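Q: My structure is in target22.txt, and what it holds is compact mmCIF, N, CA and C atoms:
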# COMPACT_ATOMS: atom_id res chain seq x y z
N MET A 1 116.82 89.13 131.15
CA MET A 1 117.06 90.33 130.39
C MET A 1 116.28 90.30 129.08
N ARG A 2 115.22 89.56 129.03
CA ARG A 2 114.48 89.32 127.79
C ARG A 2 114.06 90.60 127.09
N MET A 3 113.12 91.31 127.67
CA MET A 3 112.60 92.52 127.04
C MET A 3 113.63 93.64 127.08
N THR A 4 114.36 93.73 128.16
CA THR A 4 115.39 94.76 128.26
C THR A 4 116.46 94.54 127.20
N GLY A 5 116.86 93.30 127.01
CA GLY A 5 117.86 92.99 125.99
C GLY A 5 117.37 93.31 124.59
N ALA A 6 116.10 92.99 124.32
CA ALA A 6 115.53 93.31 123.00
C ALA A 6 115.48 94.82 122.79
N ALA A 7 115.09 95.56 123.82
CA ALA A 7 115.02 97.02 123.71
C ALA A 7 116.41 97.60 123.51
N LEU A 8 117.39 97.11 124.29
CA LEU A 8 118.76 97.60 124.14
C LEU A 8 119.32 97.29 122.76
N ALA A 9 119.07 96.09 122.26
CA ALA A 9 119.55 95.71 120.93
C ALA A 9 118.94 96.61 119.86
N THR A 10 117.67 96.95 120.01
CA THR A 10 117.01 97.83 119.05
C THR A 10 117.62 99.23 119.08
N VAL A 11 117.80 99.77 120.27
CA VAL A 11 118.36 101.12 120.40
C VAL A 11 119.80 101.15 119.89
N ILE A 12 120.60 100.16 120.26
CA ILE A 12 121.99 100.12 119.81
C ILE A 12 122.06 99.97 118.29
N GLY A 13 121.22 99.11 117.73
CA GLY A 13 121.19 98.95 116.27
C GLY A 13 120.82 100.22 115.56
N GLN A 14 119.85 100.97 116.08
CA GLN A 14 119.45 102.24 115.47
C GLN A 14 120.58 103.26 115.57
N MET A 15 121.26 103.29 116.72
CA MET A 15 122.37 104.24 116.89
C MET A 15 123.53 103.93 115.93
N VAL A 16 123.89 102.66 115.82
CA VAL A 16 124.97 102.26 114.92
C VAL A 16 124.59 102.59 113.47
N SER A 17 123.36 102.32 113.09
CA SER A 17 122.91 102.65 111.75
C SER A 17 122.98 104.15 111.49
N PHE A 18 122.58 104.94 112.47
CA PHE A 18 122.66 106.41 112.33
C PHE A 18 124.10 106.87 112.18
N ILE A 19 124.99 106.33 113.00
CA ILE A 19 126.40 106.73 112.95
C ILE A 19 127.01 106.37 111.60
N ILE A 20 126.72 105.17 111.11
CA ILE A 20 127.26 104.76 109.81
C ILE A 20 126.73 105.66 108.70
N THR A 21 125.45 106.01 108.75
CA THR A 21 124.86 106.87 107.74
C THR A 21 125.49 108.26 107.76
N VAL A 22 125.62 108.83 108.97
CA VAL A 22 126.21 110.17 109.09
C VAL A 22 127.66 110.14 108.63
N TRP A 23 128.39 109.10 108.93
CA TRP A 23 129.78 108.98 108.49
C TRP A 23 129.87 108.84 106.97
N TYR A 24 128.92 108.14 106.37
CA TYR A 24 128.99 107.83 104.95
C TYR A 24 128.60 109.01 104.06
N ILE A 25 127.72 109.88 104.52
CA ILE A 25 127.23 110.99 103.69
C ILE A 25 128.37 111.86 103.14
N PRO A 26 129.36 112.28 103.94
CA PRO A 26 130.44 113.11 103.37
C PRO A 26 131.32 112.36 102.37
N HIS A 27 131.23 111.04 102.32
CA HIS A 27 132.08 110.25 101.44
C HIS A 27 131.43 109.93 100.09
N PHE A 28 130.29 110.56 99.79
CA PHE A 28 129.68 110.36 98.48
C PHE A 28 130.62 110.91 97.40
N HIS A 29 130.71 110.22 96.30
CA HIS A 29 131.55 110.69 95.21
C HIS A 29 130.73 111.27 94.06
N THR A 30 129.50 110.82 93.91
CA THR A 30 128.71 111.24 92.76
C THR A 30 127.73 112.36 93.07
N ILE A 31 127.38 112.54 94.33
CA ILE A 31 126.46 113.61 94.70
C ILE A 31 127.05 114.37 95.88
N SER A 32 126.61 115.60 96.04
CA SER A 32 127.05 116.38 97.19
C SER A 32 125.83 116.76 98.01
N VAL A 33 125.98 116.64 99.31
CA VAL A 33 124.90 116.97 100.23
C VAL A 33 125.39 118.10 101.11
N THR A 34 124.68 119.24 101.06
CA THR A 34 125.05 120.40 101.87
C THR A 34 123.97 120.66 102.92
N ARG A 35 124.28 121.58 103.81
CA ARG A 35 123.29 121.93 104.84
C ARG A 35 122.04 122.54 104.21
N ALA A 36 122.21 123.26 103.14
CA ALA A 36 121.06 123.88 102.47
C ALA A 36 120.12 122.80 101.93
N ASP A 37 120.67 121.65 101.56
CA ASP A 37 119.83 120.55 101.07
C ASP A 37 118.99 119.93 102.18
N MET A 38 119.42 120.10 103.40
CA MET A 38 118.73 119.49 104.54
C MET A 38 117.59 120.36 105.08
N ARG A 39 117.54 121.62 104.67
CA ARG A 39 116.49 122.52 105.15
C ARG A 39 115.18 122.26 104.40
N LEU A 40 114.10 122.26 105.14
CA LEU A 40 112.78 122.10 104.54
C LEU A 40 112.10 123.45 104.44
N ASN A 41 111.45 123.68 103.33
CA ASN A 41 110.62 124.87 103.23
C ASN A 41 109.16 124.43 103.31
N GLY A 42 108.27 125.37 103.36
CA GLY A 42 106.85 125.06 103.56
C GLY A 42 106.25 124.20 102.47
N SER A 43 106.56 124.50 101.21
CA SER A 43 105.95 123.74 100.12
C SER A 43 106.48 122.30 100.09
N THR A 44 107.77 122.12 100.39
CA THR A 44 108.32 120.76 100.43
C THR A 44 107.70 119.97 101.57
N THR A 45 107.56 120.60 102.72
CA THR A 45 106.96 119.93 103.87
C THR A 45 105.52 119.54 103.58
N MET A 46 104.77 120.44 102.97
CA MET A 46 103.37 120.13 102.65
C MET A 46 103.27 119.00 101.64
N TYR A 47 104.20 118.95 100.68
CA TYR A 47 104.22 117.87 99.70
C TYR A 47 104.51 116.53 100.39
N ILE A 48 105.47 116.53 101.31
CA ILE A 48 105.79 115.31 102.05
C ILE A 48 104.59 114.85 102.87
N VAL A 49 103.94 115.79 103.54
CA VAL A 49 102.76 115.45 104.34
C VAL A 49 101.64 114.92 103.45
N ALA A 50 101.42 115.55 102.31
CA ALA A 50 100.36 115.11 101.41
C ALA A 50 100.60 113.70 100.90
N VAL A 51 101.86 113.38 100.61
CA VAL A 51 102.17 112.04 100.11
C VAL A 51 102.06 111.00 101.22
N GLY A 52 102.46 111.35 102.44
CA GLY A 52 102.54 110.35 103.50
C GLY A 52 101.37 110.27 104.44
N ILE A 53 100.42 111.19 104.37
CA ILE A 53 99.35 111.23 105.36
C ILE A 53 98.43 110.02 105.29
N SER A 54 98.15 109.53 104.09
CA SER A 54 97.24 108.38 103.99
C SER A 54 97.87 107.14 104.60
N SER A 55 99.15 106.94 104.37
CA SER A 55 99.84 105.80 104.97
C SER A 55 99.91 105.93 106.49
N THR A 56 100.14 107.15 106.96
CA THR A 56 100.20 107.39 108.40
C THR A 56 98.87 107.10 109.05
N ILE A 57 97.79 107.59 108.47
CA ILE A 57 96.46 107.35 109.01
C ILE A 57 96.14 105.86 108.99
N ASN A 58 96.53 105.19 107.92
CA ASN A 58 96.31 103.75 107.81
C ASN A 58 97.04 103.00 108.93
N MET A 59 98.29 103.34 109.18
CA MET A 59 99.06 102.67 110.23
C MET A 59 98.49 102.95 111.62
N ILE A 60 98.08 104.18 111.85
CA ILE A 60 97.47 104.52 113.14
C ILE A 60 96.18 103.73 113.33
N ALA A 61 95.38 103.61 112.28
CA ALA A 61 94.13 102.83 112.37
C ALA A 61 94.42 101.36 112.65
N ILE A 62 95.46 100.81 112.03
CA ILE A 62 95.82 99.41 112.28
C ILE A 62 96.22 99.21 113.73
N VAL A 63 96.99 100.14 114.28
CA VAL A 63 97.41 100.03 115.68
C VAL A 63 96.20 100.10 116.61
N ILE A 64 95.30 101.03 116.35
CA ILE A 64 94.12 101.18 117.21
C ILE A 64 93.24 99.93 117.13
N ILE A 65 93.00 99.45 115.92
CA ILE A 65 92.14 98.27 115.75
C ILE A 65 92.80 97.04 116.38
N SER A 66 94.10 96.89 116.20
CA SER A 66 94.80 95.74 116.79
C SER A 66 94.73 95.78 118.31
N THR A 67 94.87 96.96 118.88
CA THR A 67 94.79 97.10 120.34
C THR A 67 93.39 96.74 120.84
N ILE A 68 92.38 97.24 120.16
CA ILE A 68 91.00 96.95 120.57
C ILE A 68 90.71 95.45 120.44
N VAL A 69 91.07 94.86 119.30
CA VAL A 69 90.80 93.44 119.09
C VAL A 69 91.60 92.59 120.08
N ASN A 70 92.83 92.98 120.37
CA ASN A 70 93.65 92.25 121.33
C ASN A 70 92.99 92.26 122.71
N ASN A 71 92.50 93.41 123.13
CA ASN A 71 91.82 93.50 124.42
C ASN A 71 90.52 92.71 124.43
N LEU A 72 89.78 92.74 123.31
CA LEU A 72 88.55 91.95 123.22
C LEU A 72 88.85 90.45 123.27
N MET A 73 89.91 90.03 122.59
CA MET A 73 90.29 88.61 122.62
C MET A 73 90.65 88.18 124.04
N ARG A 74 91.36 89.04 124.74
CA ARG A 74 91.74 88.70 126.12
C ARG A 74 90.50 88.65 127.01
N TYR A 75 89.61 89.63 126.86
CA TYR A 75 88.41 89.69 127.70
C TYR A 75 87.49 88.50 127.46
N PHE A 76 87.15 88.25 126.18
CA PHE A 76 86.23 87.16 125.89
C PHE A 76 86.92 85.80 125.95
N GLY A 77 88.23 85.77 125.74
CA GLY A 77 88.96 84.52 125.87
C GLY A 77 88.95 84.01 127.29
N LEU A 78 88.94 84.91 128.26
CA LEU A 78 88.89 84.50 129.67
C LEU A 78 87.55 83.85 130.03
N MET A 79 86.53 84.08 129.23
CA MET A 79 85.22 83.50 129.49
C MET A 79 85.12 82.07 128.99
N THR A 80 86.07 81.60 128.22
CA THR A 80 86.04 80.24 127.69
C THR A 80 86.80 79.31 128.63
N VAL A 81 86.64 78.00 128.39
CA VAL A 81 87.35 77.03 129.22
C VAL A 81 88.83 76.98 128.85
N TYR A 82 89.20 77.47 127.67
CA TYR A 82 90.58 77.40 127.22
C TYR A 82 91.42 78.58 127.71
N GLY A 83 90.78 79.64 128.13
CA GLY A 83 91.51 80.81 128.61
C GLY A 83 91.81 81.79 127.49
N ALA A 84 92.42 82.90 127.88
CA ALA A 84 92.70 83.98 126.93
C ALA A 84 93.85 83.65 126.00
N GLY A 85 94.73 82.74 126.41
CA GLY A 85 95.91 82.43 125.62
C GLY A 85 95.61 81.92 124.23
N ILE A 86 94.63 81.01 124.13
CA ILE A 86 94.28 80.43 122.83
C ILE A 86 93.75 81.50 121.88
N ALA A 87 92.88 82.35 122.39
CA ALA A 87 92.31 83.41 121.54
C ALA A 87 93.41 84.37 121.07
N LEU A 88 94.32 84.72 121.96
CA LEU A 88 95.40 85.63 121.59
C LEU A 88 96.36 84.99 120.58
N VAL A 89 96.64 83.71 120.76
CA VAL A 89 97.52 83.02 119.81
C VAL A 89 96.86 82.93 118.44
N ALA A 90 95.58 82.61 118.42
CA ALA A 90 94.86 82.53 117.14
C ALA A 90 94.86 83.89 116.44
N PHE A 91 94.63 84.94 117.20
CA PHE A 91 94.65 86.29 116.64
C PHE A 91 96.04 86.63 116.12
N GLY A 92 97.07 86.23 116.85
CA GLY A 92 98.44 86.48 116.42
C GLY A 92 98.76 85.78 115.11
N ILE A 93 98.29 84.54 114.96
CA ILE A 93 98.52 83.80 113.72
C ILE A 93 97.82 84.48 112.56
N VAL A 94 96.58 84.86 112.77
CA VAL A 94 95.83 85.55 111.72
C VAL A 94 96.52 86.85 111.33
N MET A 95 97.01 87.60 112.31
CA MET A 95 97.69 88.86 112.02
C MET A 95 99.00 88.63 111.26
N LYS A 96 99.73 87.57 111.58
CA LYS A 96 100.98 87.28 110.85
C LYS A 96 100.69 86.93 109.40
N VAL A 97 99.69 86.09 109.17
CA VAL A 97 99.34 85.72 107.80
C VAL A 97 98.87 86.97 107.04
N THR A 98 98.08 87.79 107.70
CA THR A 98 97.60 89.02 107.07
C THR A 98 98.77 89.95 106.75
N SER A 99 99.71 90.07 107.67
CA SER A 99 100.83 90.97 107.42
C SER A 99 101.71 90.48 106.26
N ILE A 100 101.83 89.17 106.10
CA ILE A 100 102.59 88.63 104.96
C ILE A 100 101.88 89.00 103.66
N PHE A 101 100.56 88.82 103.63
CA PHE A 101 99.78 89.17 102.44
C PHE A 101 99.89 90.67 102.13
N VAL A 102 99.77 91.50 103.16
CA VAL A 102 99.85 92.95 102.96
C VAL A 102 101.25 93.33 102.48
N ALA A 103 102.29 92.69 103.02
CA ALA A 103 103.66 92.99 102.58
C ALA A 103 103.85 92.65 101.11
N ILE A 104 103.29 91.54 100.67
CA ILE A 104 103.40 91.16 99.26
C ILE A 104 102.67 92.19 98.39
N MET A 105 101.47 92.58 98.78
CA MET A 105 100.71 93.56 98.00
C MET A 105 101.42 94.92 97.99
N ASN A 106 102.00 95.33 99.12
CA ASN A 106 102.74 96.59 99.15
C ASN A 106 103.96 96.51 98.25
N GLY A 107 104.64 95.37 98.24
CA GLY A 107 105.80 95.20 97.37
C GLY A 107 105.44 95.33 95.91
N ILE A 108 104.33 94.71 95.52
CA ILE A 108 103.88 94.82 94.13
C ILE A 108 103.51 96.27 93.81
N SER A 109 102.80 96.91 94.72
CA SER A 109 102.39 98.29 94.51
C SER A 109 103.59 99.22 94.40
N ILE A 110 104.54 99.08 95.31
CA ILE A 110 105.73 99.93 95.29
C ILE A 110 106.58 99.64 94.05
N GLY A 111 106.64 98.38 93.66
CA GLY A 111 107.40 98.02 92.47
C GLY A 111 106.80 98.56 91.19
N CYS A 112 105.49 98.72 91.15
CA CYS A 112 104.82 99.24 89.95
C CYS A 112 104.90 100.76 89.85
N ASN A 113 105.09 101.44 90.97
CA ASN A 113 105.09 102.91 90.96
C ASN A 113 106.07 103.52 89.97
N PRO A 114 107.34 103.11 89.92
CA PRO A 114 108.24 103.75 88.95
C PRO A 114 107.81 103.54 87.51
N ILE A 115 107.27 102.38 87.20
CA ILE A 115 106.83 102.10 85.84
C ILE A 115 105.66 103.00 85.47
N PHE A 116 104.67 103.07 86.36
CA PHE A 116 103.52 103.92 86.10
C PHE A 116 103.91 105.39 86.05
N SER A 117 104.79 105.82 86.96
CA SER A 117 105.21 107.22 86.99
C SER A 117 105.95 107.60 85.73
N PHE A 118 106.85 106.74 85.27
CA PHE A 118 107.61 107.02 84.05
C PHE A 118 106.67 107.19 82.87
N ASN A 119 105.75 106.26 82.70
CA ASN A 119 104.84 106.33 81.55
C ASN A 119 103.85 107.48 81.68
N TYR A 120 103.42 107.80 82.89
CA TYR A 120 102.51 108.91 83.09
C TYR A 120 103.21 110.23 82.77
N ALA A 121 104.47 110.37 83.25
CA ALA A 121 105.22 111.60 82.97
C ALA A 121 105.53 111.73 81.48
N ALA A 122 105.71 110.60 80.79
CA ALA A 122 105.96 110.63 79.35
C ALA A 122 104.67 110.76 78.56
N GLN A 123 103.56 110.90 79.25
CA GLN A 123 102.22 111.03 78.68
C GLN A 123 101.83 109.82 77.83
N ASN A 124 102.30 108.65 78.24
CA ASN A 124 101.89 107.39 77.62
C ASN A 124 100.70 106.83 78.40
N TYR A 125 99.59 107.55 78.38
CA TYR A 125 98.44 107.18 79.20
C TYR A 125 97.88 105.81 78.81
N ASP A 126 97.89 105.51 77.52
CA ASP A 126 97.38 104.21 77.09
C ASP A 126 98.19 103.08 77.69
N ARG A 127 99.50 103.26 77.75
CA ARG A 127 100.37 102.22 78.30
C ARG A 127 100.16 102.06 79.80
N VAL A 128 99.95 103.18 80.50
CA VAL A 128 99.68 103.11 81.93
C VAL A 128 98.37 102.38 82.17
N CYS A 129 97.35 102.75 81.42
CA CYS A 129 96.04 102.12 81.61
C CYS A 129 96.04 100.65 81.21
N LYS A 130 96.77 100.32 80.17
CA LYS A 130 96.84 98.93 79.72
C LYS A 130 97.50 98.06 80.77
N LYS A 131 98.56 98.56 81.40
CA LYS A 131 99.30 97.78 82.38
C LYS A 131 98.60 97.74 83.73
N SER A 132 97.88 98.79 84.08
CA SER A 132 97.27 98.85 85.41
C SER A 132 95.78 98.54 85.39
N TYR A 133 95.24 98.22 84.21
CA TYR A 133 93.84 97.86 84.06
C TYR A 133 92.91 98.96 84.57
N CYS A 134 93.29 100.22 84.31
CA CYS A 134 92.42 101.32 84.72
C CYS A 134 91.27 101.44 83.70
N ILE A 135 90.19 101.99 84.17
CA ILE A 135 89.00 102.12 83.32
C ILE A 135 88.74 103.59 83.07
N GLY A 136 88.45 103.94 81.85
CA GLY A 136 88.00 105.29 81.55
C GLY A 136 89.06 106.24 81.08
N GLY A 137 90.17 105.79 80.58
CA GLY A 137 91.17 106.68 80.00
C GLY A 137 92.25 107.08 80.96
N PRO A 138 92.85 108.27 80.72
CA PRO A 138 94.00 108.73 81.50
C PRO A 138 93.66 108.84 82.99
N LEU A 139 94.68 108.60 83.80
CA LEU A 139 94.49 108.65 85.26
C LEU A 139 94.28 110.06 85.72
Could you spell out this file's structure in structure tokens?

A:
Amino acid sequence: MRMTGAALATVIGQMVSFIITVWYIPHFHTISVTRADMRLNGSTTMYIVAVGISSTINMIAIVIISTIVNNLMRYFGLMTVYGAGIALVAFGIVMKVTSIFVAIMNGISIGCNPIFSFNYAAQNYDRVCKKSYCIGGPL
């Protein structure tokens, strides 16, 4: 039940998380969430798309490149005396190390966003540039 069990555990975990979230929303004490808050209008949708499109394209590109490289590793790995397994394992190790590095960089980037946003909104451009090492004045 290896893959089936993993798939079932993922689906069940997502369902339980959804149920807990839906149950918890009406129990907020400090904020109220109504149906009108859940409706999207065109400008809000376009803003969400504008903010998220670069990350989406980046993730799609990573999936495509990983698929191509994985197939190339399997194809050319079969031509060696060691077989495709060694090439795939080496690629997997490199991808894990890379993903750890990317996760750390994303964490730093996401952690800096509120600081930069606060100072930018307060028009403290010098402070934003000093902290982020930007060149040429206001962002």

Q: For the atom pair atom CA of Val22 of chain A and atom CA of Asp37 of chain A, what is the interatomic distance in Å to one decimal place?

A: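 So the answer is 14.6 Å.
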
Q: Quick one: distance from atom C of Phe91 of chain A to atom CA of Thr67 of chain A in Å, one decimal?

A: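 We find that atom C of Phe91 of chain A and atom CA of Thr67 of chain A lie 11.4 Å from each other.
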
Q: Provide the atom C of Gly77 of chain A to atom CA of Ala90 of chain A distance in Å, to one decimal place.

A: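 One can read the atom C of Gly77 of chain A to atom CA of Ala90 of chain A distance as 11.8 Å.
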
Q: Smallest atom-to-atom distance to Thr98 of chain A: which of A:Met46, A:Ile20, A:Ile62, A:Ala7, using only C-alpha atoms?

A: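 Of the candidates, the smallest distance to Thr98 of chain A is held by A:Ile62.
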
Q: Assign secondary structure with DSSP using the backbone only, and return the residues of chain A in alpha helix (DSSP H) as an MDAnalysis selection string.

A: chainID A and resid 2:24 35:38 42:77 84:121 125:132
